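Structure, as structure tokens:
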Amino acid sequence: MSATAENTFDIVILGGGSGGYACALRAAELGLSVALVEKGKLGGTCLHMGCIPTKALLHAAEVADTAREGQQFGVKTTFESVDMNGVNAYKDGVVARLYKGLQGLVKSKSIEYVEGEGRVVAKNVVEVAGRQLVGKNLVLATGSYAKSLPGLDITGRIMTSDQALFLDFVPPRVVVLGGGVIGVEFASVFKSFGSEVTIIEALPRLVAAEDEAISKQLERSFRKRKISFKTNVKFSGVTQSGDVVSVALESGETIETDLLLVAVGRGPVTAGLGYEEAGITLDRGYVLANERCQTNVEGIYAVGDIVPGLQLAHRGFAQGIFVAEHIAGLNPPVIDEMGIPRVTYCDPEIASIGYTEAQAKEKFGEIETYDYGLGGNGKSQILATSGFVKLVRQKDGPVVGVHMIGARMGEQVGEAQLIYNWEALPSDVAQLIHAHPTQNEALGEAHLALAGKPLHAHA
Ligand SMILES: Cc1cc2nc3c(=O)[nH]c(=O)nc-3n(C[C@H](O)[C@H](O)[C@H](O)COP(=O)(O)OP(=O)(O)OC[C@H]3O[C@@H](n4cnc5c(N)ncnc54)[C@H](O)[C@@H]3O)c2cc1C
């Protein structure tokens with residue numbers, strides 16, 4: 001089919017997940033003509049298989065724990081059981097409402113939404129359902145899939161997050177392979193739902209991308225919650241007989257379980273989509289892009305999980321918006337990857353931004369750190385949670401890392417990211433007033449202390 005006006009766009013976007021749809025919405029707002037190609041559901045992984053459904057499960061998990069722990073607060077509650085049908089109805093309802101809203105939003109803009117599996121067939125053409133969409137610019141946003149390991153087939157009671165999101169029962173025993181973000185979030189959910197949980201992690205610590213102090217605190221908290229974990233140990237094989245899975249480890253140990261959740265990371269969805277044929281440079285399947293999200297082929301951009309870096313929805317949103325503005329000629333400022341907030345929603349929650357202590361030492365040489373324990377924070381005492389706020393600053397310079405752990409601490413990442421991204425000095429933050437009694441005060445107190453004027457803390 002030849003390029004006709006109705007098949008020619010300023011931007012053709014392949015993939016309607018966080019990165020792709022954010023780009024489409026912003027581009028339409030800027031008056032650019034846009035085609036958005038999606039083979040599954042608008043909203044992608046985040047809305048249907050990732051952020052939103054997992055956080056609904058984590059909230060149900062919190063409700064279960066609250067029911068169990070009422071006595072601690074003088075309230076007579078008892079925990080009866082988790083009804084997975086009810087949990088799924090609640091979770092699916094949340095997803096459905098957001099999905100409907102997003103569909104309405106895309107419909108309300110002048111975006112040509114094209115359903116079907118697309119493929120890049122030339123430097124400026126995406127073919128979908130026999131139609132050739134010509135773009136002055138192409139944006140690749142095909143996202144990621146749950147990886148497995150060699151010899152580990154996803155079948156029956158061996159699952160990734162894709163299947164685990166739709167369980168209609170609570171397994172008595174769960175082994176989680178992988179102690180990264182997705183692994184510890186699911187471990188937290190299963191434990192709260194009543195499963196006996198063991199995490200297997202090949203690296204020396206859980207959430208290994210976080211500051212070491214955060215891993216230590218999480219491990220302490222998980223031990224307290226009776227979530228077992230084995231670090232520095234590798235998976236060696238698995239067998240499945242009926243509903244029982246036997247997980248063998250390189251240490252020689254075998255663990256029997258009712259469900260094996262494989263959470264060993266996510267790989268880019270780029271195979272067979274014509275990227276290499278179009279001359280785009282890939283590295284182990286990832287699309288390489290510069291700080292302006294440009295691939296090596298002029299006019300082709302890549303955003304979201306297919307680009308090496310943090311696989312987070314808000315990074316995808318930011319990159320999608322960036323590309324739309326760049327194409328519209330607005331010359332937006334480039335995105336600082338270190339300035340992207342990171343939250344892990346297990347109990348206790350982890351929130352961080354910027355450099356860990358080890359990374360900061362390597363990058364800046366001389367640094368200072370300060371840990372403010374939540375023990376001194378009124379609201380955290382009220383919530384009966386422990387944890388800390390850890391600050392990392394360049395010696396006599398700005399705060400370059402904020403690392404927090406404790407119930408609900410994810411909510412504090414908003415201010416932490418302003419501090420990092422505005423290159424605030426501890427003294428700049430120390431003069432801001434934090435409402436009492438909030439957990440937000442812990443962030444303020446940590447800065448007061450680092451600025452040399454501690455209030456509810458020892459110097
Ligand atoms: C269990 C889980 C929990 C998560 N929790 C969080 C969280 O709490 N916070 C957070 O920030 N991030 C979270 N994430 C990560 C987040 O979901 C991703 O970073 C985000 O979805 C990436 O957006 P994307 O646009 O790059 O890709 P995706 O959202 O994967 O979207 C890609 C889209 O492209 C479509 N597509 C692929 N190939 C084609 C093709 N050939 N033709 C047409 N369409 C195609 C797919 O159907 C999909 O809809 C989580 C992920 C998982 C799996």
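Following the order of the structure tokens, first chain is A, next is B, and so on, with residues numbered from 1 inside each chain and ligands from 1 in the order they appear.
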>> ligand 1: which residues are within 7 Å, counting only C-alpha atoms and all ligand atoms? Reply as a PyMOL selection string.
In response: chain A and resi 14-20+37-46+49-52+54-55+116-119+141-144+146+161+182+269+273+303-306+311-314+316+344-345
Take the selection from the previous step and output its residues with C-alpha atoms, as a PDB file, in the first residue's frame.
```pdb
ATOM      1  CA  LEU A  14       4.792   1.122  18.430  1.00  0.00           C
ATOM      2  CA  GLY A  15       3.447  -0.030  21.790  1.00  0.00           C
ATOM      3  CA  GLY A  16       0.738   1.541  23.945  1.00  0.00           C
ATOM      4  CA  GLY A  17       2.223   1.041  27.419  1.00  0.00           C
ATOM      5  CA  SER A  18       3.462   3.754  29.787  1.00  0.00           C
ATOM      6  CA  GLY A  19       6.148   5.039  27.407  1.00  0.00           C
ATOM      7  CA  GLY A  20       4.099   4.816  24.223  1.00  0.00           C
ATOM      8  CA  VAL A  37      -0.145   0.889  17.617  1.00  0.00           C
ATOM      9  CA  GLU A  38      -1.007  -1.631  20.337  1.00  0.00           C
ATOM     10  CA  LYS A  39      -1.379  -5.401  20.023  1.00  0.00           C
ATOM     11  CA  GLY A  40      -2.813  -6.002  23.475  1.00  0.00           C
ATOM     12  CA  LYS A  41      -4.415  -3.588  25.888  1.00  0.00           C
ATOM     13  CA  LEU A  42      -3.790   0.145  26.013  1.00  0.00           C
ATOM     14  CA  GLY A  43      -1.858   0.813  29.232  1.00  0.00           C
ATOM     15  CA  GLY A  44       0.524  -2.107  28.785  1.00  0.00           C
ATOM     16  CA  THR A  45       2.331  -3.923  31.569  1.00  0.00           C
ATOM     17  CA  CYS A  46       1.975  -1.231  34.211  1.00  0.00           C
ATOM     18  CA  MET A  49       0.152  -6.833  34.655  1.00  0.00           C
ATOM     19  CA  GLY A  50       2.435  -4.662  36.752  1.00  0.00           C
ATOM     20  CA  CYS A  51       2.253  -1.590  38.937  1.00  0.00           C
ATOM     21  CA  ILE A  52      -1.480  -1.305  39.433  1.00  0.00           C
ATOM     22  CA  THR A  54       0.440  -5.657  42.265  1.00  0.00           C
ATOM     23  CA  LYS A  55      -0.175  -2.591  44.364  1.00  0.00           C
ATOM     24  CA  GLY A 116      -2.813  -5.098  16.051  1.00  0.00           C
ATOM     25  CA  GLU A 117       0.736  -6.375  16.128  1.00  0.00           C
ATOM     26  CA  GLY A 118       3.014  -3.906  14.388  1.00  0.00           C
ATOM     27  CA  ARG A 119       6.410  -4.386  12.817  1.00  0.00           C
ATOM     28  CA  ALA A 141       7.906   1.401  23.011  1.00  0.00           C
ATOM     29  CA  THR A 142       7.332  -2.348  22.939  1.00  0.00           C
ATOM     30  CA  GLY A 143       8.138  -2.935  26.592  1.00  0.00           C
ATOM     31  CA  SER A 144       9.326  -6.031  28.405  1.00  0.00           C
ATOM     32  CA  ALA A 146       9.071 -11.727  32.425  1.00  0.00           C
ATOM     33  CA  SER A 161       4.166 -12.463  37.937  1.00  0.00           C
ATOM     34  CA  ILE A 182       9.112  -7.856  42.033  1.00  0.00           C
ATOM     35  CA  VAL A 269      10.338  -7.163  23.708  1.00  0.00           C
ATOM     36  CA  LEU A 273       9.922  -6.654  15.139  1.00  0.00           C
ATOM     37  CA  VAL A 303      11.444   4.730  25.286  1.00  0.00           C
ATOM     38  CA  GLY A 304      10.594   2.636  28.329  1.00  0.00           C
ATOM     39  CA  ASP A 305      11.686  -0.858  29.285  1.00  0.00           C
ATOM     40  CA  ILE A 306      13.334  -1.650  25.934  1.00  0.00           C
ATOM     41  CA  GLN A 311      12.394  -0.436  34.243  1.00  0.00           C
ATOM     42  CA  LEU A 312       9.815   1.818  35.823  1.00  0.00           C
ATOM     43  CA  ALA A 313       6.540   3.186  34.531  1.00  0.00           C
ATOM     44  CA  HIS A 314       7.293   6.796  35.440  1.00  0.00           C
ATOM     45  CA  GLY A 316       8.571   5.482  30.529  1.00  0.00           C
ATOM     46  CA  THR A 344       9.486  -0.954  46.363  1.00  0.00           C
ATOM     47  CA  TYR A 345       6.058  -1.508  47.870  1.00  0.00           C
TER      48      TYR A 345
END
```
Using only C-alpha atoms, which residues sit within 9 Å of Asp428 in chain A once same-chain residues fewer than 2 positions away are excluded, as a compact mmCIF listing (two decimals) with all heavy atoms, in the first residue's frame?
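Saved to part-v4.txt:
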```
# COMPACT_ATOMS: atom_id res chain seq x y z
N ILE A 419 14.51 17.27 46.50
CA ILE A 419 15.79 17.56 47.16
C ILE A 419 16.94 17.17 46.23
O ILE A 419 17.87 17.94 46.00
CB ILE A 419 15.88 16.81 48.51
CG1 ILE A 419 14.84 17.38 49.49
CG2 ILE A 419 17.30 16.86 49.08
CD1 ILE A 419 14.62 16.54 50.73
N ALA A 424 19.65 20.27 46.42
CA ALA A 424 19.53 21.03 47.68
C ALA A 424 20.65 20.68 48.64
O ALA A 424 21.12 19.54 48.71
CB ALA A 424 18.18 20.72 48.33
N LEU A 425 21.07 21.69 49.40
CA LEU A 425 21.99 21.47 50.50
C LEU A 425 21.17 21.04 51.71
O LEU A 425 19.99 21.44 51.81
CB LEU A 425 22.71 22.78 50.84
CG LEU A 425 23.66 23.33 49.78
CD1 LEU A 425 24.08 24.75 50.14
CD2 LEU A 425 24.89 22.43 49.66
N PRO A 426 21.76 20.31 52.64
CA PRO A 426 21.00 19.98 53.86
C PRO A 426 20.44 21.23 54.53
O PRO A 426 19.31 21.23 55.02
CB PRO A 426 22.04 19.28 54.74
CG PRO A 426 23.01 18.69 53.77
CD PRO A 426 23.07 19.64 52.61
N ALA A 430 16.71 22.04 55.73
CA ALA A 430 16.56 22.22 57.18
C ALA A 430 15.67 23.41 57.50
O ALA A 430 15.00 23.44 58.53
CB ALA A 430 17.93 22.37 57.84
N GLN A 431 15.66 24.42 56.63
CA GLN A 431 14.84 25.60 56.94
C GLN A 431 13.38 25.44 56.51
O GLN A 431 12.55 26.27 56.84
CB GLN A 431 15.46 26.86 56.37
CG GLN A 431 15.35 26.96 54.86
CD GLN A 431 16.06 28.20 54.34
OE1 GLN A 431 17.03 28.65 54.93
NE2 GLN A 431 15.57 28.75 53.25
N LEU A 432 13.09 24.35 55.79
CA LEU A 432 11.69 24.10 55.43
C LEU A 432 10.98 23.44 56.61
O LEU A 432 11.59 22.69 57.37
CB LEU A 432 11.61 23.18 54.20
CG LEU A 432 12.32 23.69 52.94
CD1 LEU A 432 12.31 22.62 51.86
CD2 LEU A 432 11.66 24.97 52.44
N HIS A 447 17.64 16.09 57.65
CA HIS A 447 18.35 17.24 57.08
C HIS A 447 18.79 18.24 58.16
O HIS A 447 19.86 18.82 58.07
CB HIS A 447 17.49 17.93 56.01
CG HIS A 447 17.45 17.14 54.73
ND1 HIS A 447 16.54 16.13 54.53
CD2 HIS A 447 18.23 17.18 53.62
CE1 HIS A 447 16.76 15.60 53.33
NE2 HIS A 447 17.77 16.21 52.77
N ALA A 451 22.60 19.18 58.69
CA ALA A 451 22.98 20.60 58.62
C ALA A 451 23.58 21.07 59.93
O ALA A 451 23.88 22.26 60.11
CB ALA A 451 21.75 21.44 58.27
```
> In Å, how far is it from CA of Tyr145 in chain A to CA of Pro268 in chain A?
Replying inline: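 Between CA of Tyr145 in chain A and CA of Pro268 in chain A the gap is 6.4 Å.
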> Where in range 63-233 of chain A does DSSP assign helix (DSSP H, G or I), given as a PyMOL selection string?
Replying inline: chain A and resi 63-73+84-108+161-164+181-193+212-224
Those same residues, written as a PDB file, in the first residue's frame with C-alpha atoms?
```pdb
ATOM      1  CA  VAL A  63      -5.644  -5.006  55.156  1.00  0.00           C
ATOM      2  CA  ALA A  64      -5.056  -8.650  56.118  1.00  0.00           C
ATOM      3  CA  ASP A  65      -2.178  -7.639  58.401  1.00  0.00           C
ATOM      4  CA  THR A  66      -4.205  -4.828  59.919  1.00  0.00           C
ATOM      5  CA  ALA A  67      -6.932  -7.348  60.770  1.00  0.00           C
ATOM      6  CA  ARG A  68      -4.330  -9.617  62.382  1.00  0.00           C
ATOM      7  CA  GLU A  69      -2.672  -6.852  64.346  1.00  0.00           C
ATOM      8  CA  GLY A  70      -5.717  -5.021  65.736  1.00  0.00           C
ATOM      9  CA  GLN A  71      -4.971  -6.170  69.287  1.00  0.00           C
ATOM     10  CA  GLN A  72      -1.722  -4.241  69.253  1.00  0.00           C
ATOM     11  CA  PHE A  73      -3.768  -1.055  69.030  1.00  0.00           C
ATOM     12  CA  MET A  84      -8.862 -14.715  46.433  1.00  0.00           C
ATOM     13  CA  ASN A  85     -11.992 -14.272  44.352  1.00  0.00           C
ATOM     14  CA  GLY A  86     -12.800 -11.194  46.380  1.00  0.00           C
ATOM     15  CA  VAL A  87      -9.229  -9.932  46.176  1.00  0.00           C
ATOM     16  CA  ASN A  88      -9.186 -10.437  42.411  1.00  0.00           C
ATOM     17  CA  ALA A  89     -12.551  -8.726  41.977  1.00  0.00           C
ATOM     18  CA  TYR A  90     -11.228  -5.703  43.882  1.00  0.00           C
ATOM     19  CA  LYS A  91      -7.924  -5.674  41.952  1.00  0.00           C
ATOM     20  CA  ASP A  92      -9.574  -6.172  38.575  1.00  0.00           C
ATOM     21  CA  GLY A  93     -12.095  -3.441  39.380  1.00  0.00           C
ATOM     22  CA  VAL A  94      -9.291  -0.965  40.014  1.00  0.00           C
ATOM     23  CA  VAL A  95      -7.596  -1.935  36.746  1.00  0.00           C
ATOM     24  CA  ALA A  96     -10.873  -1.801  34.783  1.00  0.00           C
ATOM     25  CA  ARG A  97     -11.718   1.702  36.008  1.00  0.00           C
ATOM     26  CA  LEU A  98      -8.288   3.048  35.151  1.00  0.00           C
ATOM     27  CA  TYR A  99      -8.346   1.249  31.785  1.00  0.00           C
ATOM     28  CA  LYS A 100     -11.669   2.830  30.911  1.00  0.00           C
ATOM     29  CA  GLY A 101     -10.376   6.249  31.903  1.00  0.00           C
ATOM     30  CA  LEU A 102      -7.242   5.838  29.822  1.00  0.00           C
ATOM     31  CA  GLN A 103      -9.191   4.654  26.780  1.00  0.00           C
ATOM     32  CA  GLY A 104     -11.437   7.708  27.111  1.00  0.00           C
ATOM     33  CA  LEU A 105      -8.406   9.977  27.398  1.00  0.00           C
ATOM     34  CA  VAL A 106      -6.789   8.612  24.238  1.00  0.00           C
ATOM     35  CA  LYS A 107     -10.116   8.767  22.390  1.00  0.00           C
ATOM     36  CA  SER A 108     -10.595  12.377  23.417  1.00  0.00           C
ATOM     37  CA  SER A 161       4.166 -12.463  37.937  1.00  0.00           C
ATOM     38  CA  ASP A 162       1.932 -12.761  34.845  1.00  0.00           C
ATOM     39  CA  GLN A 163       0.208 -15.857  36.208  1.00  0.00           C
ATOM     40  CA  ALA A 164       0.639 -15.110  39.914  1.00  0.00           C
ATOM     41  CA  VAL A 181      11.762  -5.542  43.505  1.00  0.00           C
ATOM     42  CA  ILE A 182       9.112  -7.856  42.033  1.00  0.00           C
ATOM     43  CA  GLY A 183      10.315 -10.809  44.129  1.00  0.00           C
ATOM     44  CA  VAL A 184      10.166  -9.038  47.479  1.00  0.00           C
ATOM     45  CA  GLU A 185       6.810  -7.423  46.667  1.00  0.00           C
ATOM     46  CA  PHE A 186       5.223 -10.788  45.919  1.00  0.00           C
ATOM     47  CA  ALA A 187       6.958 -12.383  48.924  1.00  0.00           C
ATOM     48  CA  SER A 188       5.390  -9.686  51.076  1.00  0.00           C
ATOM     49  CA  VAL A 189       1.918 -10.283  49.600  1.00  0.00           C
ATOM     50  CA  PHE A 190       2.056 -14.065  49.966  1.00  0.00           C
ATOM     51  CA  LYS A 191       3.245 -13.839  53.566  1.00  0.00           C
ATOM     52  CA  SER A 192       0.413 -11.472  54.473  1.00  0.00           C
ATOM     53  CA  PHE A 193      -2.068 -13.754  52.719  1.00  0.00           C
ATOM     54  CA  GLU A 212      23.374  -1.753  51.536  1.00  0.00           C
ATOM     55  CA  ALA A 213      21.820  -0.377  54.731  1.00  0.00           C
ATOM     56  CA  ILE A 214      18.365  -0.676  53.143  1.00  0.00           C
ATOM     57  CA  SER A 215      18.955  -4.334  52.284  1.00  0.00           C
ATOM     58  CA  LYS A 216      20.059  -5.026  55.851  1.00  0.00           C
ATOM     59  CA  GLN A 217      16.975  -3.378  57.316  1.00  0.00           C
ATOM     60  CA  LEU A 218      14.660  -5.171  54.885  1.00  0.00           C
ATOM     61  CA  GLU A 219      16.270  -8.485  55.778  1.00  0.00           C
ATOM     62  CA  ARG A 220      15.796  -7.706  59.497  1.00  0.00           C
ATOM     63  CA  SER A 221      12.151  -6.809  58.910  1.00  0.00           C
ATOM     64  CA  PHE A 222      11.521  -9.885  56.768  1.00  0.00           C
ATOM     65  CA  ARG A 223      13.091 -12.099  59.441  1.00  0.00           C
ATOM     66  CA  LYS A 224      10.716 -10.513  61.950  1.00  0.00           C
TER      67      LYS A 224
END
```
> When you draw a straight line from CA of Ser352 in chain A to CA of Leu443 in chain A, how long is it in Å?
Replying inline: 11.9 Å
> What gap, in Å, lies between CA of Glu423 in chain A and CA of Pro332 in chain A?
Replying inline: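 CA of Pro332 in chain A lies 19.0 Å from CA of Glu423 in chain A.
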Could you name the residues that touch Ser251 in chain A at 10 Å or less, counting only C-alpha atoms, but leaving out those on the same chain fewer than 5 positions away, as a CSV table (one decimal) with all heavy atoms, in the first residue's frame?
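Final output, saved to around-v9.csv:
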```csv
chain,number,residue,atom,x,y,z
A,232,ASN,N,23.1,-15.4,48.2
A,232,ASN,CA,24.3,-16.1,47.7
A,232,ASN,C,24.1,-17.5,47.3
A,232,ASN,O,25.0,-18.4,47.5
A,232,ASN,CB,25.3,-16.1,48.9
A,232,ASN,CG,26.2,-14.9,48.8
A,232,ASN,OD1,26.6,-14.5,47.7
A,232,ASN,ND2,26.6,-14.4,49.9
A,233,VAL,N,22.9,-17.8,46.9
A,233,VAL,CA,22.6,-19.2,46.5
A,233,VAL,C,21.9,-19.2,45.2
A,233,VAL,O,21.0,-18.4,44.9
A,233,VAL,CB,21.9,-20.0,47.6
A,233,VAL,CG1,20.6,-19.3,48.0
A,233,VAL,CG2,21.6,-21.4,47.2
A,234,LYS,N,22.3,-20.2,44.3
A,234,LYS,CA,21.7,-20.2,43.0
A,234,LYS,C,20.8,-21.4,42.8
A,234,LYS,O,21.0,-22.5,43.4
A,234,LYS,CB,22.9,-20.3,41.9
A,234,LYS,CG,23.6,-19.0,41.7
A,234,LYS,CD,24.4,-19.0,40.5
A,234,LYS,CE,25.1,-17.7,40.3
A,234,LYS,NZ,26.5,-17.8,39.8
A,235,PHE,N,19.8,-21.2,42.0
A,235,PHE,CA,18.9,-22.2,41.6
A,235,PHE,C,19.6,-23.2,40.6
A,235,PHE,O,20.4,-22.8,39.8
A,235,PHE,CB,17.8,-21.5,40.8
A,235,PHE,CG,17.0,-22.4,39.9
A,235,PHE,CD1,15.9,-23.0,40.3
A,235,PHE,CD2,17.3,-22.5,38.6
A,235,PHE,CE1,15.1,-23.8,39.5
A,235,PHE,CE2,16.6,-23.2,37.7
A,235,PHE,CZ,15.5,-23.9,38.1
A,236,SER,N,19.4,-24.5,40.8
A,236,SER,CA,20.1,-25.4,39.9
A,236,SER,C,19.1,-26.3,39.1
A,236,SER,O,19.4,-26.8,38.0
A,236,SER,CB,21.0,-26.3,40.6
A,236,SER,OG,20.4,-27.2,41.5
```
DSSP on the backbone, then: every residue of range 21-82 of chain A marked strand (DSSP E or B), written as a PDB file with C-alpha atoms, in the first residue's frame.
```
ATOM      1  CA  VAL A  34       0.025  10.572  15.986  1.00  0.00           C
ATOM      2  CA  ALA A  35      -0.652   6.901  15.349  1.00  0.00           C
ATOM      3  CA  LEU A  36      -0.442   4.613  18.373  1.00  0.00           C
ATOM      4  CA  VAL A  37      -0.145   0.889  17.617  1.00  0.00           C
ATOM      5  CA  GLU A  38      -1.007  -1.631  20.337  1.00  0.00           C
TER       6      GLU A  38
END
```
>> Need the shell around Ser380 in chain A: protein/DNA/RNA residues with any atom at most 12 Å away, counting only C-alpha atoms. Skip same-chain ones fewer than 4 positions apart. Format as an MDAnalysis selection string?
In response: chainID A and resid 348 373:376 384:389 405:409 436:442
Produce a file of the selected residues containing N, CA, C and O atoms, as a PDB file, in the first residue's frame.
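As written to disk, part_6.pdb reads:
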```pdb
ATOM      1  N   PRO A 348       8.235  -3.751  55.036  1.00  0.00           N
ATOM      2  CA  PRO A 348       8.180  -2.300  54.967  1.00  0.00           C
ATOM      3  C   PRO A 348       8.532  -1.780  53.573  1.00  0.00           C
ATOM      4  O   PRO A 348       9.245  -2.440  52.828  1.00  0.00           O
ATOM      5  N   GLY A 373      16.768   7.404  62.480  1.00  0.00           N
ATOM      6  CA  GLY A 373      15.914   6.241  62.773  1.00  0.00           C
ATOM      7  C   GLY A 373      14.469   6.666  62.965  1.00  0.00           C
ATOM      8  O   GLY A 373      14.197   7.710  63.576  1.00  0.00           O
ATOM      9  N   LEU A 374      13.547   5.866  62.453  1.00  0.00           N
ATOM     10  CA  LEU A 374      12.123   6.201  62.600  1.00  0.00           C
ATOM     11  C   LEU A 374      11.652   6.058  64.051  1.00  0.00           C
ATOM     12  O   LEU A 374      10.548   6.473  64.391  1.00  0.00           O
ATOM     13  N   GLY A 375      12.503   5.481  64.903  1.00  0.00           N
ATOM     14  CA  GLY A 375      12.181   5.353  66.335  1.00  0.00           C
ATOM     15  C   GLY A 375      11.890   6.718  66.951  1.00  0.00           C
ATOM     16  O   GLY A 375      11.098   6.831  67.891  1.00  0.00           O
ATOM     17  N   GLY A 376      12.521   7.764  66.435  1.00  0.00           N
ATOM     18  CA  GLY A 376      12.326   9.110  66.988  1.00  0.00           C
ATOM     19  C   GLY A 376      11.208   9.877  66.305  1.00  0.00           C
ATOM     20  O   GLY A 376      10.972  11.040  66.611  1.00  0.00           O
ATOM     21  N   ALA A 384       3.574   1.993  64.526  1.00  0.00           N
ATOM     22  CA  ALA A 384       4.356   0.837  64.995  1.00  0.00           C
ATOM     23  C   ALA A 384       5.283   0.300  63.904  1.00  0.00           C
ATOM     24  O   ALA A 384       5.414  -0.902  63.715  1.00  0.00           O
ATOM     25  N   THR A 385       5.921   1.228  63.196  1.00  0.00           N
ATOM     26  CA  THR A 385       6.877   0.776  62.179  1.00  0.00           C
ATOM     27  C   THR A 385       8.284   1.252  62.541  1.00  0.00           C
ATOM     28  O   THR A 385       8.450   2.232  63.262  1.00  0.00           O
ATOM     29  N   SER A 386       9.247   0.506  62.065  1.00  0.00           N
ATOM     30  CA  SER A 386      10.629   0.939  62.265  1.00  0.00           C
ATOM     31  C   SER A 386      11.306   1.069  60.911  1.00  0.00           C
ATOM     32  O   SER A 386      10.769   0.627  59.900  1.00  0.00           O
ATOM     33  N   GLY A 387      12.475   1.664  60.910  1.00  0.00           N
ATOM     34  CA  GLY A 387      13.198   1.902  59.668  1.00  0.00           C
ATOM     35  C   GLY A 387      14.011   3.170  59.816  1.00  0.00           C
ATOM     36  O   GLY A 387      14.303   3.588  60.945  1.00  0.00           O
ATOM     37  N   PHE A 388      14.353   3.795  58.718  1.00  0.00           N
ATOM     38  CA  PHE A 388      15.174   5.004  58.808  1.00  0.00           C
ATOM     39  C   PHE A 388      15.127   5.809  57.518  1.00  0.00           C
ATOM     40  O   PHE A 388      14.653   5.320  56.479  1.00  0.00           O
ATOM     41  N   VAL A 389      15.646   7.020  57.620  1.00  0.00           N
ATOM     42  CA  VAL A 389      15.939   7.840  56.437  1.00  0.00           C
ATOM     43  C   VAL A 389      17.445   8.008  56.417  1.00  0.00           C
ATOM     44  O   VAL A 389      18.029   8.438  57.404  1.00  0.00           O
ATOM     45  N   ILE A 405      13.281   3.543  54.464  1.00  0.00           N
ATOM     46  CA  ILE A 405      12.575   2.273  54.623  1.00  0.00           C
ATOM     47  C   ILE A 405      11.674   2.363  55.849  1.00  0.00           C
ATOM     48  O   ILE A 405      12.052   2.983  56.850  1.00  0.00           O
ATOM     49  N   GLY A 406      10.512   1.771  55.749  1.00  0.00           N
ATOM     50  CA  GLY A 406       9.535   1.792  56.837  1.00  0.00           C
ATOM     51  C   GLY A 406       8.139   1.758  56.223  1.00  0.00           C
ATOM     52  O   GLY A 406       7.985   2.086  55.040  1.00  0.00           O
ATOM     53  N   ALA A 407       7.141   1.386  57.014  1.00  0.00           N
ATOM     54  CA  ALA A 407       5.770   1.364  56.490  1.00  0.00           C
ATOM     55  C   ALA A 407       5.447   2.727  55.883  1.00  0.00           C
ATOM     56  O   ALA A 407       5.780   3.770  56.461  1.00  0.00           O
ATOM     57  N   ARG A 408       4.826   2.731  54.735  1.00  0.00           N
ATOM     58  CA  ARG A 408       4.348   3.943  54.036  1.00  0.00           C
ATOM     59  C   ARG A 408       5.428   4.920  53.587  1.00  0.00           C
ATOM     60  O   ARG A 408       5.114   6.038  53.160  1.00  0.00           O
ATOM     61  N   MET A 409       6.691   4.569  53.707  1.00  0.00           N
ATOM     62  CA  MET A 409       7.746   5.536  53.382  1.00  0.00           C
ATOM     63  C   MET A 409       7.809   5.863  51.888  1.00  0.00           C
ATOM     64  O   MET A 409       8.413   6.861  51.496  1.00  0.00           O
ATOM     65  N   HIS A 436       3.832  18.271  61.717  1.00  0.00           N
ATOM     66  CA  HIS A 436       3.912  17.341  62.848  1.00  0.00           C
ATOM     67  C   HIS A 436       2.522  16.827  63.201  1.00  0.00           C
ATOM     68  O   HIS A 436       1.584  17.616  63.217  1.00  0.00           O
ATOM     69  N   PRO A 437       2.287  15.593  63.489  1.00  0.00           N
ATOM     70  CA  PRO A 437       3.230  14.484  63.390  1.00  0.00           C
ATOM     71  C   PRO A 437       3.044  13.741  62.070  1.00  0.00           C
ATOM     72  O   PRO A 437       1.982  13.166  61.827  1.00  0.00           O
ATOM     73  N   THR A 438       4.014  13.781  61.223  1.00  0.00           N
ATOM     74  CA  THR A 438       3.982  13.025  59.966  1.00  0.00           C
ATOM     75  C   THR A 438       5.300  12.252  59.832  1.00  0.00           C
ATOM     76  O   THR A 438       6.295  12.612  60.462  1.00  0.00           O
ATOM     77  N   GLN A 439       5.286  11.265  58.961  1.00  0.00           N
ATOM     78  CA  GLN A 439       6.544  10.572  58.672  1.00  0.00           C
ATOM     79  C   GLN A 439       7.450  11.494  57.855  1.00  0.00           C
ATOM     80  O   GLN A 439       8.658  11.314  57.830  1.00  0.00           O
ATOM     81  N   ASN A 440       6.845  12.468  57.207  1.00  0.00           N
ATOM     82  CA  ASN A 440       7.595  13.441  56.430  1.00  0.00           C
ATOM     83  C   ASN A 440       8.610  14.188  57.302  1.00  0.00           C
ATOM     84  O   ASN A 440       9.668  14.605  56.851  1.00  0.00           O
ATOM     85  N   GLU A 441       8.263  14.304  58.593  1.00  0.00           N
ATOM     86  CA  GLU A 441       9.197  14.958  59.514  1.00  0.00           C
ATOM     87  C   GLU A 441      10.530  14.246  59.582  1.00  0.00           C
ATOM     88  O   GLU A 441      11.557  14.872  59.846  1.00  0.00           O
ATOM     89  N   ALA A 442      10.518  12.936  59.379  1.00  0.00           N
ATOM     90  CA  ALA A 442      11.771  12.176  59.466  1.00  0.00           C
ATOM     91  C   ALA A 442      12.757  12.690  58.414  1.00  0.00           C
ATOM     92  O   ALA A 442      13.959  12.776  58.664  1.00  0.00           O
TER      93      ALA A 442
END
```
> Nearest to Leu249 in chain A: which of A:Lys76, A:Lys230, A:His326, A:His456 is it, counting only C-alpha atoms?
Replying inline: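 That would be A:Lys230, the residue with the smallest distance to Leu249 in chain A.
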>> Need to verify the contact set: Gly130 in chain A, 12 Å, only C-alpha atoms, exclusion of same-chain residues closer than 2 positions in sequence. Can you return it as a PyMOL selection string?
In response: chain A and resi 1-2+7+114-119+121+126-128+132-133
> For Leu177 in chain A, which of A:Ala263, A:Ile300, A:Ala208, A:Val125 is the closest residue, counting only C-alpha atoms?
Replying inline: A:Ala263
